[in-house]
file upload03.pdb (PDB, C-alpha atoms)
ATOM      1  CA  MET A  21      26.076  -3.685 -10.299  1.00  0.00           C
ATOM      2  CA  LEU A  22      29.294  -2.766  -8.509  1.00  0.00           C
ATOM      3  CA  VAL A  23      30.624  -5.805  -6.649  1.00  0.00           C
ATOM      4  CA  LEU A  24      32.933  -5.374  -3.660  1.00  0.00           C
ATOM      5  CA  THR A  25      34.207  -7.985  -1.233  1.00  0.00           C
ATOM      6  CA  ARG A  26      34.285  -6.974   2.436  1.00  0.00           C
ATOM      7  CA  LYS A  27      35.444  -8.628   5.634  1.00  0.00           C
ATOM      8  CA  ILE A  28      33.726  -8.213   9.010  1.00  0.00           C
ATOM      9  CA  ASN A  29      33.965  -4.625  10.226  1.00  0.00           C
ATOM     10  CA  GLU A  30      34.838  -3.318   6.782  1.00  0.00           C
ATOM     11  CA  ALA A  31      32.554  -0.752   5.217  1.00  0.00           C
ATOM     12  CA  VAL A  32      31.355   0.694   1.927  1.00  0.00           C
ATOM     13  CA  ASN A  33      31.138   4.468   1.621  1.00  0.00           C
ATOM     14  CA  ILE A  34      28.513   5.827  -0.781  1.00  0.00           C
ATOM     15  CA  HIS A  35      28.344   9.425  -1.989  1.00  0.00           C
ATOM     16  CA  HIS A  36      30.988  11.034   0.190  1.00  0.00           C
ATOM     17  CA  GLY A  37      29.857   9.305   3.351  1.00  0.00           C
ATOM     18  CA  GLU A  38      26.185  10.122   2.957  1.00  0.00           C
ATOM     19  CA  ILE A  39      25.531   6.381   3.123  1.00  0.00           C
ATOM     20  CA  VAL A  40      27.856   3.962   4.893  1.00  0.00           C
ATOM     21  CA  ILE A  41      27.239   0.220   4.979  1.00  0.00           C
ATOM     22  CA  THR A  42      29.300  -1.872   7.405  1.00  0.00           C
ATOM     23  CA  VAL A  43      29.521  -5.650   7.636  1.00  0.00           C
ATOM     24  CA  LEU A  44      28.900  -6.353  11.336  1.00  0.00           C
ATOM     25  CA  THR A  45      28.719 -10.140  11.618  1.00  0.00           C
ATOM     26  CA  VAL A  46      28.588 -13.165   9.397  1.00  0.00           C
ATOM     27  CA  GLU A  47      26.868 -16.313  10.712  1.00  0.00           C
ATOM     28  CA  GLY A  48      26.575 -19.069   8.160  1.00  0.00           C
ATOM     29  CA  GLU A  49      24.495 -17.654   5.320  1.00  0.00           C
ATOM     30  CA  ARG A  50      23.373 -14.596   7.276  1.00  0.00           C
ATOM     31  CA  VAL A  51      25.219 -11.325   7.011  1.00  0.00           C
ATOM     32  CA  LYS A  52      24.373  -8.560   9.442  1.00  0.00           C
ATOM     33  CA  LEU A  53      24.776  -5.115   7.908  1.00  0.00           C
ATOM     34  CA  GLY A  54      24.873  -1.777   9.667  1.00  0.00           C
ATOM     35  CA  ILE A  55      23.500   1.048   7.535  1.00  0.00           C
ATOM     36  CA  VAL A  56      23.985   4.732   8.164  1.00  0.00           C
ATOM     37  CA  ALA A  57      21.918   6.917   5.862  1.00  0.00           C
ATOM     38  CA  PRO A  58      20.007  10.214   6.029  1.00  0.00           C
ATOM     39  CA  LYS A  59      16.533   9.897   7.555  1.00  0.00           C
ATOM     40  CA  SER A  60      15.108  11.201   4.278  1.00  0.00           C
ATOM     41  CA  MET A  61      16.190   7.998   2.554  1.00  0.00           C
ATOM     42  CA  SER A  62      14.142   4.871   3.092  1.00  0.00           C
ATOM     43  CA  VAL A  63      16.150   1.734   3.788  1.00  0.00           C
ATOM     44  CA  LEU A  64      14.148  -1.454   3.346  1.00  0.00           C
ATOM     45  CA  ARG A  65      14.651  -5.141   2.810  1.00  0.00           C
ATOM     46  CA  GLN A  66      14.191  -5.646  -0.929  1.00  0.00           C
ATOM     47  CA  GLU A  67      11.750  -8.513  -0.522  1.00  0.00           C
ATOM     48  CA  LEU A  68       9.190  -6.211   1.141  1.00  0.00           C
ATOM     49  CA  LEU A  69       9.140  -4.014  -1.959  1.00  0.00           C
ATOM     50  CA  ASP A  70       8.947  -7.105  -4.176  1.00  0.00           C
ATOM     51  CA  GLN A  71       5.990  -8.428  -2.168  1.00  0.00           C
ATOM     52  CA  VAL A  72       4.078  -5.171  -2.453  1.00  0.00           C
ATOM     53  CA  GLY A  73       4.878  -4.904  -6.167  1.00  0.00           C
ATOM     54  CA  GLN A  74       3.608  -8.425  -6.800  1.00  0.00           C
ATOM     55  CA  GLU A  75       0.526  -7.799  -4.706  1.00  0.00           C
ATOM     56  CA  ASN A  76      -0.242  -4.603  -6.656  1.00  0.00           C
ATOM     57  CA  GLN A  77      -0.014  -6.496  -9.953  1.00  0.00           C
ATOM     58  CA  SER A  78      -2.172  -9.308  -8.639  1.00  0.00           C
ATOM     59  CA  ALA A  79      -4.852  -6.967  -7.253  1.00  0.00           C
ATOM     60  CA  ALA A  80      -5.285  -4.927 -10.445  1.00  0.00           C
ATOM     61  CA  LEU A  81      -8.705  -5.568 -11.995  1.00  0.00           C
ATOM     62  CA  SER A  82     -10.652  -4.708 -15.093  1.00  0.00           C
ATOM     63  CA  LEU A  83     -13.846  -2.740 -14.408  1.00  0.00           C
ATOM     64  CA  LYS A  84     -15.946  -5.766 -15.329  1.00  0.00           C
ATOM     65  CA  GLU A  85     -14.053  -7.994 -12.878  1.00  0.00           C
ATOM     66  CA  SER A  86     -14.201  -5.380 -10.157  1.00  0.00           C
ATOM     67  CA  ASN A  87     -17.990  -5.063 -10.537  1.00  0.00           C
ATOM     68  CA  ARG A  88     -18.230  -8.827 -10.240  1.00  0.00           C
ATOM     69  CA  GLN A  89     -16.071  -8.978  -7.150  1.00  0.00           C
ATOM     70  CA  THR A  90     -17.286  -6.042  -5.077  1.00  0.00           C
ATOM     71  CA  ALA A  91     -20.352  -7.744  -3.549  1.00  0.00           C
ATOM     72  CA  HIS A  92     -18.267 -10.701  -2.404  1.00  0.00           C
ATOM     73  CA  LEU A  93     -15.392  -8.535  -1.144  1.00  0.00           C
ATOM     74  CA  ARG A  94     -17.731  -6.212   0.695  1.00  0.00           C
ATOM     75  CA  GLU A  95     -19.324  -9.164   2.461  1.00  0.00           C
ATOM     76  CA  SER A  96     -15.882 -10.493   3.472  1.00  0.00           C
ATOM     77  CA  LEU A  97     -14.860  -7.136   4.864  1.00  0.00           C
ATOM     78  CA  LEU A  98     -18.114  -6.581   6.795  1.00  0.00           C
ATOM     79  CA  GLN A  99     -17.923 -10.109   8.235  1.00  0.00           C
ATOM     80  CA  LYS A 100     -14.390  -9.411   9.380  1.00  0.00           C
ATOM     81  CA  VAL A 101     -15.402  -6.127  11.008  1.00  0.00           C
ATOM     82  CA  ASP A 102     -18.303  -7.756  12.832  1.00  0.00           C
ATOM     83  CA  ALA A 103     -16.179 -10.700  14.009  1.00  0.00           C
TER      84      ALA A 103
ATOM     85  CA  MET B   9     -23.035  14.165  -6.443  1.00  0.00           C
ATOM     86  CA  ASP B  10     -21.121  14.014  -3.201  1.00  0.00           C
ATOM     87  CA  ALA B  11     -20.318  10.694  -1.620  1.00  0.00           C
ATOM     88  CA  ILE B  12     -19.315  10.732   2.019  1.00  0.00           C
ATOM     89  CA  LEU B  13     -17.617   7.777   3.597  1.00  0.00           C
ATOM     90  CA  GLU B  14     -17.568   7.750   7.364  1.00  0.00           C
ATOM     91  CA  GLU B  15     -14.329   6.299   8.606  1.00  0.00           C
ATOM     92  CA  SER B  16     -14.190   4.289  11.767  1.00  0.00           C
ATOM     93  CA  VAL B  17     -11.804   6.818  13.261  1.00  0.00           C
ATOM     94  CA  GLY B  18     -14.519   9.448  13.003  1.00  0.00           C
ATOM     95  CA  LYS B  19     -13.043  11.311  10.085  1.00  0.00           C
ATOM     96  CA  SER B  20     -15.050  11.570   6.888  1.00  0.00           C
ATOM     97  CA  LEU B  21     -13.552  11.140   3.492  1.00  0.00           C
ATOM     98  CA  VAL B  22     -15.460  13.559   1.276  1.00  0.00           C
ATOM     99  CA  VAL B  23     -15.288  12.683  -2.356  1.00  0.00           C
ATOM    100  CA  GLU B  24     -16.727  15.499  -4.431  1.00  0.00           C
ATOM    101  CA  ASN B  25     -18.514  14.617  -7.616  1.00  0.00           C
ATOM    102  CA  SER B  26     -17.905  11.035  -6.650  1.00  0.00           C
ATOM    103  CA  GLN B  27     -14.207  11.081  -7.551  1.00  0.00           C
ATOM    104  CA  LEU B  28     -11.048  12.481  -5.986  1.00  0.00           C
ATOM    105  CA  ARG B  29      -8.057  12.858  -8.263  1.00  0.00           C
ATOM    106  CA  VAL B  30      -5.021  11.216  -6.647  1.00  0.00           C
ATOM    107  CA  THR B  31      -1.481  11.505  -7.990  1.00  0.00           C
ATOM    108  CA  LEU B  32       1.264   9.170  -6.827  1.00  0.00           C
ATOM    109  CA  ARG B  33       4.418  10.989  -7.912  1.00  0.00           C
ATOM    110  CA  GLU B  34       6.439   7.783  -7.729  1.00  0.00           C
ATOM    111  CA  GLY B  35       3.649   5.511  -8.882  1.00  0.00           C
ATOM    112  CA  LEU B  36       2.600   2.299  -7.210  1.00  0.00           C
ATOM    113  CA  ILE B  37       5.509   0.178  -5.949  1.00  0.00           C
ATOM    114  CA  GLY B  38       6.637  -2.176  -8.688  1.00  0.00           C
ATOM    115  CA  CYS B  39       4.159  -0.537 -11.100  1.00  0.00           C
ATOM    116  CA  GLU B  40       5.677   2.907 -11.402  1.00  0.00           C
ATOM    117  CA  MET B  41       3.852   3.654 -14.652  1.00  0.00           C
ATOM    118  CA  TRP B  42       0.556   3.808 -12.730  1.00  0.00           C
ATOM    119  CA  ARG B  43       0.599   7.271 -11.149  1.00  0.00           C
ATOM    120  CA  GLU B  44      -2.703   9.009 -11.838  1.00  0.00           C
ATOM    121  CA  PHE B  45      -5.837   7.713 -10.179  1.00  0.00           C
ATOM    122  CA  ALA B  46      -9.416   8.623  -9.365  1.00  0.00           C
ATOM    123  CA  LEU B  47     -10.677   7.561  -5.937  1.00  0.00           C
ATOM    124  CA  GLU B  48     -14.396   6.840  -6.073  1.00  0.00           C
ATOM    125  CA  ALA B  49     -16.577   6.092  -3.048  1.00  0.00           C
ATOM    126  CA  PRO B  50     -20.069   5.026  -4.197  1.00  0.00           C
ATOM    127  CA  PRO B  51     -22.260   4.983  -1.058  1.00  0.00           C
ATOM    128  CA  ASP B  52     -23.597   1.498  -1.776  1.00  0.00           C
ATOM    129  CA  LEU B  53     -20.037   0.136  -1.907  1.00  0.00           C
ATOM    130  CA  ALA B  54     -18.959   1.438   1.509  1.00  0.00           C
ATOM    131  CA  PRO B  55     -16.647   0.630   3.193  1.00  0.00           C
ATOM    132  CA  LEU B  56     -15.000  -0.363  -0.087  1.00  0.00           C
ATOM    133  CA  MET B  57     -13.895   2.224  -2.634  1.00  0.00           C
ATOM    134  CA  TYR B  58     -12.529   2.140  -6.149  1.00  0.00           C
ATOM    135  CA  LEU B  59      -9.085   3.435  -7.081  1.00  0.00           C
ATOM    136  CA  HIS B  60      -9.374   3.766 -10.852  1.00  0.00           C
ATOM    137  CA  SER B  61      -6.223   4.111 -12.954  1.00  0.00           C
ATOM    138  CA  LEU B  62      -6.208   7.132 -15.275  1.00  0.00           C
ATOM    139  CA  ASP B  63      -3.004   5.931 -16.978  1.00  0.00           C
ATOM    140  CA  GLN B  64      -4.440   2.683 -18.203  1.00  0.00           C
ATOM    141  CA  THR B  65      -8.023   2.312 -19.357  1.00  0.00           C
ATOM    142  CA  ASP B  66     -10.088  -0.359 -17.699  1.00  0.00           C
ATOM    143  CA  LEU B  67      -7.803  -0.812 -14.712  1.00  0.00           C
ATOM    144  CA  THR B  68      -8.989  -0.423 -11.159  1.00  0.00           C
ATOM    145  CA  PHE B  69      -8.201  -1.447  -7.611  1.00  0.00           C
ATOM    146  CA  ILE B  70     -10.603  -2.082  -4.776  1.00  0.00           C
ATOM    147  CA  VAL B  71      -9.475  -0.327  -1.613  1.00  0.00           C
ATOM    148  CA  THR B  72     -10.648   0.362   1.912  1.00  0.00           C
ATOM    149  CA  HIS B  73      -9.546   2.140   5.053  1.00  0.00           C
ATOM    150  CA  PRO B  74      -7.220  -0.199   7.035  1.00  0.00           C
ATOM    151  CA  ARG B  75      -8.941   0.499  10.360  1.00  0.00           C
ATOM    152  CA  TYR B  76     -12.007  -1.366   9.112  1.00  0.00           C
ATOM    153  CA  ILE B  77      -9.760  -4.401   8.992  1.00  0.00           C
ATOM    154  CA  LEU B  78      -7.497  -3.791  11.971  1.00  0.00           C
ATOM    155  CA  PRO B  79      -8.668  -1.085  14.394  1.00  0.00           C
ATOM    156  CA  SER B  80      -5.153  -0.776  15.859  1.00  0.00           C
ATOM    157  CA  TYR B  81      -3.531  -0.159  12.453  1.00  0.00           C
ATOM    158  CA  GLN B  82      -1.007   2.682  12.578  1.00  0.00           C
ATOM    159  CA  VAL B  83       0.843   4.334   9.733  1.00  0.00           C
ATOM    160  CA  ASP B  84       4.318   5.564  10.573  1.00  0.00           C
ATOM    161  CA  LEU B  85       5.093   8.412   8.179  1.00  0.00           C
ATOM    162  CA  SER B  86       8.692   9.567   7.890  1.00  0.00           C
ATOM    163  CA  GLU B  87       9.474  13.293   7.690  1.00  0.00           C
ATOM    164  CA  SER B  88      10.453  12.736   4.099  1.00  0.00           C
ATOM    165  CA  ASP B  89       7.092  11.057   3.308  1.00  0.00           C
ATOM    166  CA  LYS B  90       5.249  13.940   4.985  1.00  0.00           C
ATOM    167  CA  ALA B  91       7.227  16.518   3.017  1.00  0.00           C
ATOM    168  CA  ASP B  92       6.600  14.651  -0.205  1.00  0.00           C
ATOM    169  CA  LEU B  93       2.875  14.806   0.515  1.00  0.00           C
ATOM    170  CA  GLY B  94       2.989  18.541   1.205  1.00  0.00           C
ATOM    171  CA  ASN B  95       3.063  18.225   5.004  1.00  0.00           C
ATOM    172  CA  PRO B  96      -0.604  17.406   5.485  1.00  0.00           C
ATOM    173  CA  THR B  97      -2.278  17.954   8.849  1.00  0.00           C
ATOM    174  CA  PRO B  98      -3.749  14.801  10.463  1.00  0.00           C
ATOM    175  CA  ALA B  99      -7.194  15.885   9.249  1.00  0.00           C
ATOM    176  CA  GLU B 100      -5.936  16.092   5.670  1.00  0.00           C
ATOM    177  CA  LEU B 101      -4.328  12.656   5.701  1.00  0.00           C
ATOM    178  CA  ALA B 102      -6.204   9.527   4.595  1.00  0.00           C
ATOM    179  CA  THR B 103      -4.915   5.989   4.266  1.00  0.00           C
ATOM    180  CA  VAL B 104      -6.278   3.245   2.022  1.00  0.00           C
ATOM    181  CA  VAL B 105      -5.148  -0.330   1.467  1.00  0.00           C
ATOM    182  CA  ILE B 106      -5.693  -2.517  -1.567  1.00  0.00           C
ATOM    183  CA  VAL B 107      -7.986  -5.522  -1.244  1.00  0.00           C
ATOM    184  CA  ASN B 108      -7.219  -8.615  -3.275  1.00  0.00           C
ATOM    185  CA  SER B 109      -9.182 -11.725  -4.056  1.00  0.00           C
ATOM    186  CA  ALA B 110      -7.491 -14.855  -5.365  1.00  0.00           C
ATOM    187  CA  ARG B 111      -8.350 -18.430  -5.965  1.00  0.00           C
ATOM    188  CA  ARG B 112      -6.723 -20.857  -3.584  1.00  0.00           C
ATOM    189  CA  GLY B 113      -7.365 -24.471  -4.492  1.00  0.00           C
ATOM    190  CA  GLU B 114     -11.108 -24.885  -4.786  1.00  0.00           C
ATOM    191  CA  GLY B 115     -11.926 -21.705  -2.913  1.00  0.00           C
ATOM    192  CA  GLN B 116     -11.507 -17.966  -2.856  1.00  0.00           C
ATOM    193  CA  ILE B 117      -9.274 -16.064  -0.461  1.00  0.00           C
ATOM    194  CA  VAL B 118      -9.687 -12.353   0.267  1.00  0.00           C
ATOM    195  CA  THR B 119      -6.754 -10.418   1.675  1.00  0.00           C
ATOM    196  CA  ALA B 120      -5.730  -6.818   2.289  1.00  0.00           C
ATOM    197  CA  ASN B 121      -2.272  -5.424   1.655  1.00  0.00           C
ATOM    198  CA  LEU B 122      -1.462  -3.827   5.021  1.00  0.00           C
ATOM    199  CA  LEU B 123       2.270  -3.882   4.212  1.00  0.00           C
ATOM    200  CA  GLY B 124       1.889  -1.311   1.420  1.00  0.00           C
ATOM    201  CA  PRO B 125      -0.737   1.290   2.361  1.00  0.00           C
ATOM    202  CA  ILE B 126      -1.398   4.314   0.170  1.00  0.00           C
ATOM    203  CA  VAL B 127      -1.383   7.597   2.069  1.00  0.00           C
ATOM    204  CA  ILE B 128      -3.181  10.546   0.507  1.00  0.00           C
ATOM    205  CA  ASN B 129      -3.256  14.265   1.177  1.00  0.00           C
ATOM    206  CA  LEU B 130      -6.979  14.931   0.720  1.00  0.00           C
ATOM    207  CA  THR B 131      -6.432  18.634   0.045  1.00  0.00           C
ATOM    208  CA  THR B 132      -3.851  18.328  -2.725  1.00  0.00           C
ATOM    209  CA  GLY B 133      -4.635  14.815  -3.972  1.00  0.00           C
ATOM    210  CA  SER B 134      -0.973  13.907  -3.646  1.00  0.00           C
ATOM    211  CA  GLY B 135      -0.356  10.334  -2.538  1.00  0.00           C
ATOM    212  CA  ARG B 136       2.320   7.761  -1.921  1.00  0.00           C
ATOM    213  CA  GLN B 137       2.442   4.015  -1.411  1.00  0.00           C
ATOM    214  CA  ILE B 138       4.690   3.343   1.571  1.00  0.00           C
ATOM    215  CA  ILE B 139       5.953   0.257   3.371  1.00  0.00           C
ATOM    216  CA  GLN B 140       4.903  -0.592   6.934  1.00  0.00           C
ATOM    217  CA  PRO B 141       7.166  -3.602   7.671  1.00  0.00           C
ATOM    218  CA  GLU B 142       5.318  -4.752  10.772  1.00  0.00           C
ATOM    219  CA  TYR B 143       2.216  -5.684   8.741  1.00  0.00           C
ATOM    220  CA  SER B 144       1.442  -8.321   6.135  1.00  0.00           C
ATOM    221  CA  ALA B 145       0.852  -7.907   2.400  1.00  0.00           C
ATOM    222  CA  HIS B 146      -1.699 -10.726   2.709  1.00  0.00           C
ATOM    223  CA  HIS B 147      -3.755  -9.909   5.778  1.00  0.00           C
ATOM    224  CA  LEU B 148      -6.565 -12.459   5.652  1.00  0.00           C
ATOM    225  CA  LEU B 149     -10.126 -11.187   5.472  1.00  0.00           C
ATOM    226  CA  SER B 150     -11.894 -14.365   4.469  1.00  0.00           C
ATOM    227  CA  GLU B 151     -11.424 -17.752   2.967  1.00  0.00           C
ATOM    228  CA  THR B 152     -14.413 -19.384   1.353  1.00  0.00           C
ATOM    229  CA  PRO B 153     -14.823 -22.599  -0.542  1.00  0.00           C
ATOM    230  CA  VAL B 154     -16.329 -22.227  -4.001  1.00  0.00           C
ATOM    231  CA  CYS B 155     -19.501 -24.284  -4.340  1.00  0.00           C
TER     232      CYS B 155
END
call {"tool": "encode", "arguments": {"input": "upload03.pdb", "output": "structure tokens"}}
result
Amino acid sequence: MLVLTRKINEAVNIHHGEIVITVLTVEGERVKLGIVAPKSMSVLRQELLDQVGQENQSAALSLKESNRQTAHLRESLLQKVDA
Amino acid sequence: MDAILEESVGKSLVVENSQLRVTLREGLIGCEMWREFALEAPPDLAPLMYLHSLDQTDLTFIVTHPRYILPSYQVDLSESDKADLGNPTPAELATVVIVNSARRGEGQIVTANLLGPIVINLTTGSGRQIIQPEYSAHHLLSETPVC
């Protein structure tokens, strides 16, 4: 990991200006960053990806477990739809 | 044997020979080694479907269309996502979300991952798991005590 120290209003230039990250404000522990990047690149808070990754791992089932669970899951889903 | 799943939006997801081959070029988020899948829609399981892993034997996910859970659910696809999927038309695009069941205390809690839907081009079988930040990874479907 490349570590740089920036002050408010200072920026980091990535790949010849294709991505520019600017420190906008600092309030206590919260740092507000401005990010300029091509629309083709997704820019996301890391914890969202971590949540989905963890959820994927947790939801993975063996065929035996999935057969056991489907009746119960189907009932939950149909109840929710009817509610 | 063809299995047809009627989606609440009026579009049918036709799964020929009971299975549609789905390839996630970048794999599932956080599980990038899982890229090749078979989507199976047995009629007696509807509205649930199976997303079977072809990379790992005996691994499967239970999925459903998100509009069964939240009729207002919208997927916001970027131009880059669309291009990656081969620029599908709206009719060619299907979305599924993974359903999860976990023990919580004495009971069982069933949730759907609306934060990380999987979008699929039905014509090419190409798919991608994307992030929709306005939704939850643990959208509650039911919470039941275990007797």
call {"tool": "atom_distance", "arguments": {"input": "upload03.pdb", "atom1": "CA of Thr119 in chain B", "atom2": "CA of Val107 in chain B"}}
result
5.8 Å
call {"tool": "interface_residues", "arguments": {"input": "upload03.pdb", "of": "chain A", "to": "chain B", "cutoff": "10 Å", "atoms": "all atoms listed in the file", "output": "ChimeraX atom specification"}}
result
/A:59-62,64-65,68-87,89-102
call {"tool": "residues_around", "arguments": {"input": "upload03.pdb", "residues": "range 38-52 of chain A", "least_positions_apart": "3", "cutoff": "10 Å", "atoms": "all atoms listed in the file", "output": "JSON, numbers by chain"}}
result
{"A": [26, 27, 28, 29, 30, 31, 32, 33, 34, 35, 55, 56, 57, 58, 61]}
call {"tool": "atom_distance", "arguments": {"input": "upload03.pdb", "atom1": "CA of Glu67 in chain A", "atom2": "CA of Tyr143 in chain B"}}
result
13.6 Å
call {"tool": "axis_aligned_box", "arguments": {"input": "upload03.pdb", "around": "range 40-50 of chain A", "padding_each_side": "8 Å", "output": "JSON"}}
result
{"center_x": 26.4, "center_y": -7.6, "center_z": 8.3, "size_x": 22.1, "size_y": 39.0, "size_z": 22.7}
call {"tool": "atom_distance", "arguments": {"input": "upload03.pdb", "atom1": "CA of Glu142 in chain B", "atom2": "CA of Val83 in chain B"}}
result
10.2 Å
call {"tool": "decode", "arguments": {"input": "upload03.pdb", "residues": "range 49-65 of chain B", "atoms": "N, CA and C atoms", "output": "mmCIF file, in the first residue's frame"}}
result
data_model
loop_
_atom_site.group_PDB
_atom_site.id
_atom_site.type_symbol
_atom_site.label_atom_id
_atom_site.label_comp_id
_atom_site.auth_asym_id
_atom_site.auth_seq_id
_atom_site.Cartn_x
_atom_site.Cartn_y
_atom_site.Cartn_z
ATOM 1 N N ALA B 49 -34.652 -23.585 -12.434
ATOM 2 C CA ALA B 49 -35.940 -23.099 -11.928
ATOM 3 C C ALA B 49 -36.978 -24.218 -11.916
ATOM 4 N N PRO B 50 -36.877 -25.172 -10.980
ATOM 5 C CA PRO B 50 -37.887 -26.232 -10.908
ATOM 6 C C PRO B 50 -39.254 -25.609 -10.614
ATOM 7 N N PRO B 51 -40.283 -25.965 -11.376
ATOM 8 C CA PRO B 51 -41.595 -25.327 -11.196
ATOM 9 C C PRO B 51 -42.131 -25.402 -9.774
ATOM 10 N N ASP B 52 -41.863 -26.510 -9.064
ATOM 11 C CA ASP B 52 -42.406 -26.628 -7.718
ATOM 12 C C ASP B 52 -41.639 -25.788 -6.698
ATOM 13 N N LEU B 53 -40.549 -25.166 -7.115
ATOM 14 C CA LEU B 53 -39.763 -24.326 -6.216
ATOM 15 C C LEU B 53 -40.136 -22.845 -6.346
ATOM 16 N N ALA B 54 -40.806 -22.507 -7.433
ATOM 17 C CA ALA B 54 -41.095 -21.098 -7.742
ATOM 18 C C ALA B 54 -41.764 -20.410 -6.553
ATOM 19 N N PRO B 55 -41.399 -19.186 -6.222
ATOM 20 C CA PRO B 55 -40.534 -18.280 -6.983
ATOM 21 C C PRO B 55 -39.029 -18.407 -6.689
ATOM 22 N N LEU B 56 -38.652 -19.427 -5.923
ATOM 23 C CA LEU B 56 -37.225 -19.615 -5.673
ATOM 24 C C LEU B 56 -36.580 -20.359 -6.840
ATOM 25 N N MET B 57 -35.279 -20.154 -7.004
ATOM 26 C CA MET B 57 -34.514 -20.883 -8.006
ATOM 27 C C MET B 57 -33.193 -21.285 -7.375
ATOM 28 N N TYR B 58 -32.528 -22.238 -8.032
ATOM 29 C CA TYR B 58 -31.187 -22.611 -7.593
ATOM 30 C C TYR B 58 -30.154 -21.958 -8.497
ATOM 31 N N LEU B 59 -29.049 -21.500 -7.897
ATOM 32 C CA LEU B 59 -27.889 -21.078 -8.679
ATOM 33 C C LEU B 59 -26.772 -22.028 -8.255
ATOM 34 N N HIS B 60 -26.569 -23.068 -9.076
ATOM 35 C CA HIS B 60 -25.600 -24.106 -8.721
ATOM 36 C C HIS B 60 -24.217 -23.697 -9.195
ATOM 37 N N SER B 61 -23.197 -23.881 -8.351
ATOM 38 C CA SER B 61 -21.830 -23.610 -8.779
ATOM 39 C C SER B 61 -21.345 -24.758 -9.654
ATOM 40 N N LEU B 62 -20.677 -24.417 -10.756
ATOM 41 C CA LEU B 62 -20.049 -25.444 -11.604
ATOM 42 C C LEU B 62 -18.546 -25.506 -11.327
ATOM 43 N N ASP B 63 -18.051 -24.568 -10.498
ATOM 44 C CA ASP B 63 -16.626 -24.561 -10.152
ATOM 45 C C ASP B 63 -16.355 -25.424 -8.934
ATOM 46 N N GLN B 64 -17.328 -25.555 -8.092
ATOM 47 C CA GLN B 64 -17.159 -26.317 -6.874
ATOM 48 C C GLN B 64 -18.337 -27.271 -6.748
ATOM 49 N N THR B 65 -18.023 -28.566 -6.633
ATOM 50 C CA THR B 65 -19.116 -29.538 -6.548
ATOM 51 C C THR B 65 -19.863 -29.336 -5.242
#
